[in-house]
>>> print(open('query36.pdb').read())   # PDB, C-alpha atoms
ATOM      1  CA  MET A   1     167.050-262.301  96.920
ATOM      2  CA  VAL A   2     164.237-264.664  95.935
ATOM      3  CA  ALA A   3     163.565-267.618  98.243
ATOM      4  CA  PRO A   4     164.094-271.086  96.750
ATOM      5  CA  GLY A   5     160.974-272.475  95.141
ATOM      6  CA  TRP A   6     159.452-269.066  94.488
ATOM      7  CA  PRO A   7     159.298-267.679  90.930
ATOM      8  CA  PRO A   8     161.407-264.565  90.320
ATOM      9  CA  LEU A   9     159.615-261.237  90.241
ATOM     10  CA  GLU A  10     158.867-259.932  86.769
ATOM     11  CA  PRO A  11     160.773-256.712  85.900
ATOM     12  CA  ALA A  12     157.522-254.929  85.057
ATOM     13  CA  LEU A  13     156.069-255.899  88.453
ATOM     14  CA  ARG A  14     159.094-254.625  90.358
ATOM     15  CA  TYR A  15     159.054-251.407  88.347
ATOM     16  CA  GLY A  16     155.318-250.924  88.925
ATOM     17  CA  ARG A  17     155.764-251.113  92.693
ATOM     18  CA  VAL A  18     157.947-247.985  92.851
ATOM     19  CA  VAL A  19     156.535-245.912  89.984
ATOM     20  CA  LEU A  20     153.058-244.433  90.230
ATOM     21  CA  SER A  21     150.738-244.786  87.288
ATOM     22  CA  ARG A  22     149.267-241.704  85.640
ATOM     23  CA  TRP A  23     146.019-241.941  87.624
ATOM     24  CA  GLN A  24     147.744-242.779  90.897
ATOM     25  CA  GLY A  25     150.054-239.799  90.501
ATOM     26  CA  GLY A  26     147.161-237.477  89.714
ATOM     27  CA  PHE A  27     145.153-238.721  92.692
ATOM     28  CA  ALA A  28     148.156-238.340  95.000
ATOM     29  CA  ALA A  29     148.746-234.771  93.776
ATOM     30  CA  ILE A  30     145.098-233.862  94.489
ATOM     31  CA  VAL A  31     145.169-235.462  97.957
ATOM     32  CA  VAL A  32     148.385-233.704  98.980
ATOM     33  CA  THR A  33     147.151-230.349  97.646
ATOM     34  CA  LEU A  34     143.834-230.701  99.524
ATOM     35  CA  ALA A  35     145.668-231.677 102.707
ATOM     36  CA  ALA A  36     147.899-228.612 102.433
ATOM     37  CA  GLY A  37     144.860-226.400 101.814
ATOM     38  CA  ALA A  38     143.068-227.858 104.846
ATOM     39  CA  LEU A  39     146.073-227.207 107.074
ATOM     40  CA  ILE A  40     146.286-223.624 105.838
ATOM     41  CA  ILE A  41     142.599-223.055 106.612
ATOM     42  CA  LEU A  42     143.003-224.573 110.094
ATOM     43  CA  ASP A  43     146.085-222.457 110.704
ATOM     44  CA  VAL A  44     144.087-219.305 109.896
ATOM     45  CA  THR A  45     140.929-220.214 111.846
ATOM     46  CA  ASP A  46     142.171-222.313 114.793
ATOM     47  CA  ALA A  47     144.151-220.418 117.448
ATOM     48  CA  ALA A  48     144.985-223.604 119.381
ATOM     49  CA  LEU A  49     146.542-225.145 116.287
ATOM     50  CA  ARG A  50     148.578-221.973 115.689
ATOM     51  CA  ARG A  51     149.925-222.177 119.234
ATOM     52  CA  TRP A  52     150.801-225.835 118.654
ATOM     53  CA  TRP A  53     152.674-224.934 115.457
ATOM     54  CA  SER A  54     154.510-222.172 117.318
ATOM     55  CA  GLY A  55     155.525-224.524 120.113
ATOM     56  CA  HIS A  56     156.796-227.225 117.754
ATOM     57  CA  ALA A  57     158.946-225.321 115.305
ATOM     58  CA  LEU A  58     160.910-228.350 114.056
ATOM     59  CA  SER A  59     157.781-230.412 113.400
ATOM     60  CA  THR A  60     156.153-227.434 111.691
ATOM     61  CA  ASP A  61     159.156-226.829 109.437
ATOM     62  CA  MET A  62     159.482-230.508 108.539
ATOM     63  CA  MET A  63     155.776-230.912 107.757
ATOM     64  CA  SER A  64     155.561-227.747 105.677
ATOM     65  CA  GLY A  65     158.738-228.643 103.819
ATOM     66  CA  LEU A  66     157.503-232.168 103.148
ATOM     67  CA  LEU A  67     154.127-230.958 101.883
ATOM     68  CA  GLY A  68     155.762-228.385  99.643
ATOM     69  CA  LEU A  69     158.146-231.007  98.244
ATOM     70  CA  LEU A  70     155.335-233.490  97.613
ATOM     71  CA  ILE A  71     153.184-230.887  95.869
ATOM     72  CA  THR A  72     156.094-229.755  93.695
ATOM     73  CA  VAL A  73     157.209-233.262  92.749
ATOM     74  CA  LEU A  74     153.733-234.647  92.071
ATOM     75  CA  VAL A  75     152.487-231.654  90.083
ATOM     76  CA  ILE A  76     155.666-231.482  88.001
ATOM     77  CA  ASP A  77     155.418-235.234  87.426
ATOM     78  CA  GLN A  78     151.872-234.863  86.096
ATOM     79  CA  VAL A  79     152.834-231.960  83.829
ATOM     80  CA  VAL A  80     155.770-233.925  82.419
ATOM     81  CA  ARG A  81     153.611-237.017  81.907
ATOM     82  CA  LEU A  82     150.921-235.058  80.068
ATOM     83  CA  ARG A  83     153.557-233.559  77.804
ATOM     84  CA  GLN A  84     155.064-236.990  77.145
ATOM     85  CA  ILE A  85     151.632-238.457  76.373
ATOM     86  CA  LYS A  86     150.938-235.634  73.917
ATOM     87  CA  ASP A  87     154.310-236.045  72.197
ATOM     88  CA  ARG A  88     153.936-239.826  72.116
ATOM     89  CA  ALA A  89     150.430-239.531  70.679
ATOM     90  CA  ARG A  90     151.816-237.551  67.748
ATOM     91  CA  ALA A  91     154.619-240.057  67.200
ATOM     92  CA  VAL A  92     152.173-242.991  67.306
ATOM     93  CA  ALA A  93     149.790-241.150  64.960
ATOM     94  CA  ALA A  94     152.587-240.554  62.463
ATOM     95  CA  GLN A  95     153.622-244.218  62.662
ATOM     96  CA  ALA A  96     150.022-245.372  62.230
ATOM     97  CA  ALA A  97     149.530-243.006  59.288
ATOM     98  CA  ILE A  98     152.561-244.465  57.512
ATOM     99  CA  MET A  99     151.353-247.977  58.250
ATOM    100  CA  VAL A 100     147.839-247.334  56.909
ATOM    101  CA  SER A 101     149.184-245.751  53.724
ATOM    102  CA  GLN A 102     151.463-248.708  53.068
ATOM    103  CA  ALA A 103     148.678-251.142  53.961
ATOM    104  CA  LEU A 104     146.396-249.602  51.336
ATOM    105  CA  ARG A 105     149.108-249.781  48.672
ATOM    106  CA  SER A 106     150.044-253.345  49.574
ATOM    107  CA  SER A 107     146.476-254.653  49.737
ATOM    108  CA  GLN A 108     145.644-253.009  46.416
ATOM    109  CA  ALA A 109     148.723-254.527  44.775
ATOM    110  CA  VAL A 110     147.880-257.965  46.199
ATOM    111  CA  SER A 111     144.252-257.723  44.992
ATOM    112  CA  GLN A 112     145.407-256.729  41.506
ATOM    113  CA  ALA A 113     147.854-259.634  41.442
ATOM    114  CA  LEU A 114     145.010-261.985  42.318
ATOM    115  CA  SER A 115     142.745-260.621  39.599
ATOM    116  CA  GLY A 116     145.542-260.805  37.021
ATOM    117  CA  SER A 117     145.653-257.057  36.397
ATOM    118  CA  GLY A 118     148.778-256.581  38.497
ATOM    119  CA  ASP A 119     152.250-258.015  38.831
ATOM    120  CA  ARG A 120     152.760-260.620  41.563
ATOM    121  CA  ASP A 121     156.424-259.713  42.088
ATOM    122  CA  ALA A 122     155.484-256.072  42.616
ATOM    123  CA  ALA A 123     152.758-257.154  45.038
ATOM    124  CA  GLY A 124     155.301-259.279  46.881
ATOM    125  CA  ASP A 125     157.637-256.290  47.180
ATOM    126  CA  GLU A 126     154.830-254.150  48.599
ATOM    127  CA  PHE A 127     153.926-256.923  51.038
ATOM    128  CA  ARG A 128     157.514-257.282  52.247
ATOM    129  CA  THR A 129     157.755-253.517  52.710
ATOM    130  CA  TYR A 130     154.563-253.589  54.758
ATOM    131  CA  MET A 131     155.798-256.434  56.958
ATOM    132  CA  MET A 132     159.130-254.695  57.559
ATOM    133  CA  MET A 133     157.282-251.533  58.602
ATOM    134  CA  LEU A 134     155.107-253.662  60.875
ATOM    135  CA  LEU A 135     158.144-255.131  62.615
ATOM    136  CA  VAL A 136     159.742-251.713  63.054
ATOM    137  CA  SER A 137     156.524-250.133  64.365
ATOM    138  CA  ALA A 138     155.608-252.910  66.807
ATOM    139  CA  PRO A 139     157.679-251.587  69.776
ATOM    140  CA  VAL A 140     156.053-248.151  69.415
ATOM    141  CA  LEU A 141     152.511-249.470  69.068
ATOM    142  CA  ILE A 142     152.441-252.236  71.663
ATOM    143  CA  ASP A 143     152.242-250.126  74.849
ATOM    144  CA  ALA A 144     148.790-248.498  74.870
ATOM    145  CA  LYS A 145     145.460-250.274  74.376
ATOM    146  CA  ALA A 146     144.355-248.365  71.242
ATOM    147  CA  SER A 147     147.722-248.652  69.499
ATOM    148  CA  ARG A 148     147.988-252.334  70.482
ATOM    149  CA  ASN A 149     144.583-252.984  68.891
ATOM    150  CA  PHE A 150     145.838-251.244  65.754
ATOM    151  CA  LEU A 151     148.942-253.446  65.811
ATOM    152  CA  GLU A 152     146.809-256.584  66.082
ATOM    153  CA  GLN A 153     144.686-255.523  63.110
ATOM    154  CA  ALA A 154     147.835-254.718  61.130
ATOM    155  CA  GLN A 155     149.150-258.215  61.856
ATOM    156  CA  SER A 156     145.826-259.715  60.823
ATOM    157  CA  LEU A 157     145.960-257.810  57.544
ATOM    158  CA  GLY A 158     149.494-259.058  56.959
ATOM    159  CA  GLY A 159     148.262-262.613  57.391
ATOM    160  CA  GLU A 160     145.451-262.088  54.903
ATOM    161  CA  MET A 161     147.824-260.631  52.307
ATOM    162  CA  ALA A 162     150.185-263.580  52.768
ATOM    163  CA  ARG A 163     147.226-265.915  52.276
ATOM    164  CA  VAL A 164     146.210-264.208  49.025
ATOM    165  CA  LEU A 165     149.792-264.173  47.728
ATOM    166  CA  GLY A 166     149.955-267.892  48.426
ATOM    167  CA  VAL A 167     146.962-268.399  46.146
ATOM    168  CA  THR A 168     148.520-266.340  43.366
ATOM    169  CA  ALA A 169     151.545-268.644  43.350
ATOM    170  CA  GLY A 170     149.528-271.077  41.227
ATOM    171  CA  PRO A 171     146.632-270.692  38.782
ATOM    172  CA  ALA A 172     144.523-273.389  40.442
ATOM    173  CA  GLY A 173     141.531-271.837  42.168
ATOM    174  CA  GLN A 174     142.794-268.312  41.634
ATOM    175  CA  ALA A 175     139.855-267.184  39.525
ATOM    176  CA  SER A 176     137.293-268.234  42.133
ATOM    177  CA  PHE A 177     139.231-266.960  45.152
ATOM    178  CA  SER A 178     137.484-264.134  47.024
ATOM    179  CA  THR A 179     139.200-261.106  48.523
ATOM    180  CA  THR A 180     136.371-260.514  51.012
ATOM    181  CA  ARG A 181     138.516-261.374  54.000
ATOM    182  CA  LEU A 182     141.308-259.121  52.745
ATOM    183  CA  ASP A 183     138.883-256.235  52.237
ATOM    184  CA  ASP A 184     137.416-256.783  55.701
ATOM    185  CA  ALA A 185     140.898-256.753  57.230
ATOM    186  CA  VAL A 186     141.627-253.428  55.521
ATOM    187  CA  GLN A 187     138.413-251.936  56.896
ATOM    188  CA  ARG A 188     139.211-253.177  60.404
ATOM    189  CA  LEU A 189     142.656-251.605  60.172
ATOM    190  CA  LYS A 190     141.112-248.283  59.149
ATOM    191  CA  ALA A 191     138.670-248.453  62.044
ATOM    192  CA  ALA A 192     141.468-249.269  64.503
ATOM    193  CA  SER A 193     143.534-246.349  63.217
ATOM    194  CA  ALA A 194     140.777-243.787  63.833
ATOM    195  CA  PRO A 195     141.536-243.174  67.567
ATOM    196  CA  LEU A 196     145.263-242.842  66.844
ATOM    197  CA  LEU A 197     144.856-240.380  63.986
ATOM    198  CA  GLN A 198     142.667-237.941  65.935
ATOM    199  CA  VAL A 199     145.669-235.724  66.677
ATOM    200  CA  LEU A 200     146.191-235.166  62.935
ATOM    201  CA  ASP A 201     144.325-232.530  60.962
ATOM    202  CA  PRO A 202     141.229-233.678  58.993
ATOM    203  CA  GLU A 203     142.902-233.318  55.584
ATOM    204  CA  THR A 204     145.804-235.536  56.640
ATOM    205  CA  ARG A 205     143.456-238.156  58.095
ATOM    206  CA  THR A 206     141.441-238.224  54.887
ATOM    207  CA  ALA A 207     144.561-238.586  52.743
ATOM    208  CA  VAL A 208     146.025-241.311  54.930
ATOM    209  CA  ARG A 209     142.843-243.388  54.982
ATOM    210  CA  GLY A 210     142.428-243.122  51.216
ATOM    211  CA  GLU A 211     138.995-241.513  51.454
ATOM    212  CA  ASP A 212     137.318-239.086  49.109
ATOM    213  CA  PRO A 213     137.622-235.518  50.530
ATOM    214  CA  SER A 214     134.218-234.657  49.107
TER     215      SER A 214
END
>>> encode(input="query36.pdb", output="structure tokens")
Amino acid sequence: MVAPGWPPLEPALRYGRVVLSRWQGGFAAIVVTLAAGALIILDVTDAALRRWWSGHALSTDMMSGLLGLLITVLVIDQVVRLRQIKDRARAVAAQAAIMVSQALRSSQAVSQALSGSGDRDAAGDEFRTYMMMLLVSAPVLIDAKASRNFLEQAQSLGGEMARVLGVTAGPAGQASFSTTRLDDAVQRLKAASAPLLQVLDPETRTAVRGEDPS
């Protein structure tokens, strides 16, 4: 129960107090393993310690059982986390690949609509598809730092495309309007996607980013 006048604890803060982070769990696993190894070495080399262990059977059993449990739990936890990170990296890479592909199509359609060589309605459809994909992908991309940076660049690109589409709504100033900011936003999105797409094979990365294989 929270005392009156004090703000309630955030759910993430309460959760973080009982769940070890990846690095905390790894450090704890190393410390417990080293402690167990040190006790084994002392048990082999120190006769006085062996006599103490023999005279305190309950303490010996409880300590050895606790160390074995901690080693098992912490090591298994790290193995499971590494597997989850690997699987999540592939899922995030696939989501980012889809986003980049749609971003390239949408930005190209918007640029063509601005220059008059493309259809504005078609560009609007591509833009709406991109924004829907952005909304769907946001929960997957918002957790880690690299994927969150990619999400921010994707949102920035969406804003630039909306800005250009707003200009194409009327002929005034359309001919002199520059797509430099839109092109820069596309390049920033590509750069932000690079760390996420590392788990994909080179051919797939090249195809997704719209680059020349040669």
>>> closest_residue(input="query36.pdb", among="A:Ser54, A:Ser64, A:Ser117, A:Thr129", to="Gly37 of chain A", atoms="only C-alpha atoms")
A:Ser64
>>> closest_residue(input="query36.pdb", among="A:Met161, A:Leu74, A:Val92, A:Ala194", to="Ile142 of chain A", atoms="all atoms listed in the file")
A:Val92
>>> closest_residue(input="query36.pdb", among="A:Ile30, A:Val73, A:Leu157, A:Val164", to="Leu114 of chain A", atoms="all atoms listed in the file")
A:Val164
>>> closest_residue(input="query36.pdb", among="A:Thr45, A:Ser193, A:Ser59, A:Ser115", to="Phe150 of chain A", atoms="all atoms listed in the file")
A:Ser193
>>> resolve_selection(input="query36.pdb", expression="the PyMOL selection byres ((chain A and resi 126) around 10)", output="list in words")
Gln102, Ala103, Leu104, Arg105, Ser106, Ser107, Gln108, Ala109, Val110, Arg120, Asp121, Ala122, Ala123, Gly124, Asp125, Phe127, Arg128, Thr129, Tyr130, Met131 and Met132 of chain A
>>> closest_residue(input="query36.pdb", among="A:Ile76, A:Ala154, A:Leu39, A:Ala113", to="Ala97 of chain A", atoms="all atoms listed in the file")
A:Ala154
>>> resolve_selection(input="query36.pdb", expression="the PyMOL selection byres ((chain A and resi 95) around 10)", output="list in words")
Ala89, Arg90, Ala91, Val92, Ala93, Ala94, Ala96, Ala97, Ile98, Met99, Val100, Met133, Leu134, Val136, Ser137, Ala138, Val140, Leu141, Leu196 and Leu197 of chain A
>>> write_last_selection(input="query36.pdb", atoms="C-alpha atoms", output="PDB file, keeping the file's coordinate frame")
ATOM      1  CA  ALA A  89     150.430-239.531  70.679  1.00  0.00           C
ATOM      2  CA  ARG A  90     151.816-237.551  67.748  1.00  0.00           C
ATOM      3  CA  ALA A  91     154.619-240.057  67.200  1.00  0.00           C
ATOM      4  CA  VAL A  92     152.173-242.991  67.306  1.00  0.00           C
ATOM      5  CA  ALA A  93     149.790-241.150  64.960  1.00  0.00           C
ATOM      6  CA  ALA A  94     152.587-240.554  62.463  1.00  0.00           C
ATOM      7  CA  ALA A  96     150.022-245.372  62.230  1.00  0.00           C
ATOM      8  CA  ALA A  97     149.530-243.006  59.288  1.00  0.00           C
ATOM      9  CA  ILE A  98     152.561-244.465  57.512  1.00  0.00           C
ATOM     10  CA  MET A  99     151.353-247.977  58.250  1.00  0.00           C
ATOM     11  CA  VAL A 100     147.839-247.334  56.909  1.00  0.00           C
ATOM     12  CA  MET A 133     157.282-251.533  58.602  1.00  0.00           C
ATOM     13  CA  LEU A 134     155.107-253.662  60.875  1.00  0.00           C
ATOM     14  CA  VAL A 136     159.742-251.713  63.054  1.00  0.00           C
ATOM     15  CA  SER A 137     156.524-250.133  64.365  1.00  0.00           C
ATOM     16  CA  ALA A 138     155.608-252.910  66.807  1.00  0.00           C
ATOM     17  CA  VAL A 140     156.053-248.151  69.415  1.00  0.00           C
ATOM     18  CA  LEU A 141     152.511-249.470  69.068  1.00  0.00           C
ATOM     19  CA  LEU A 196     145.263-242.842  66.844  1.00  0.00           C
ATOM     20  CA  LEU A 197     144.856-240.380  63.986  1.00  0.00           C
TER      21      LEU A 197
END
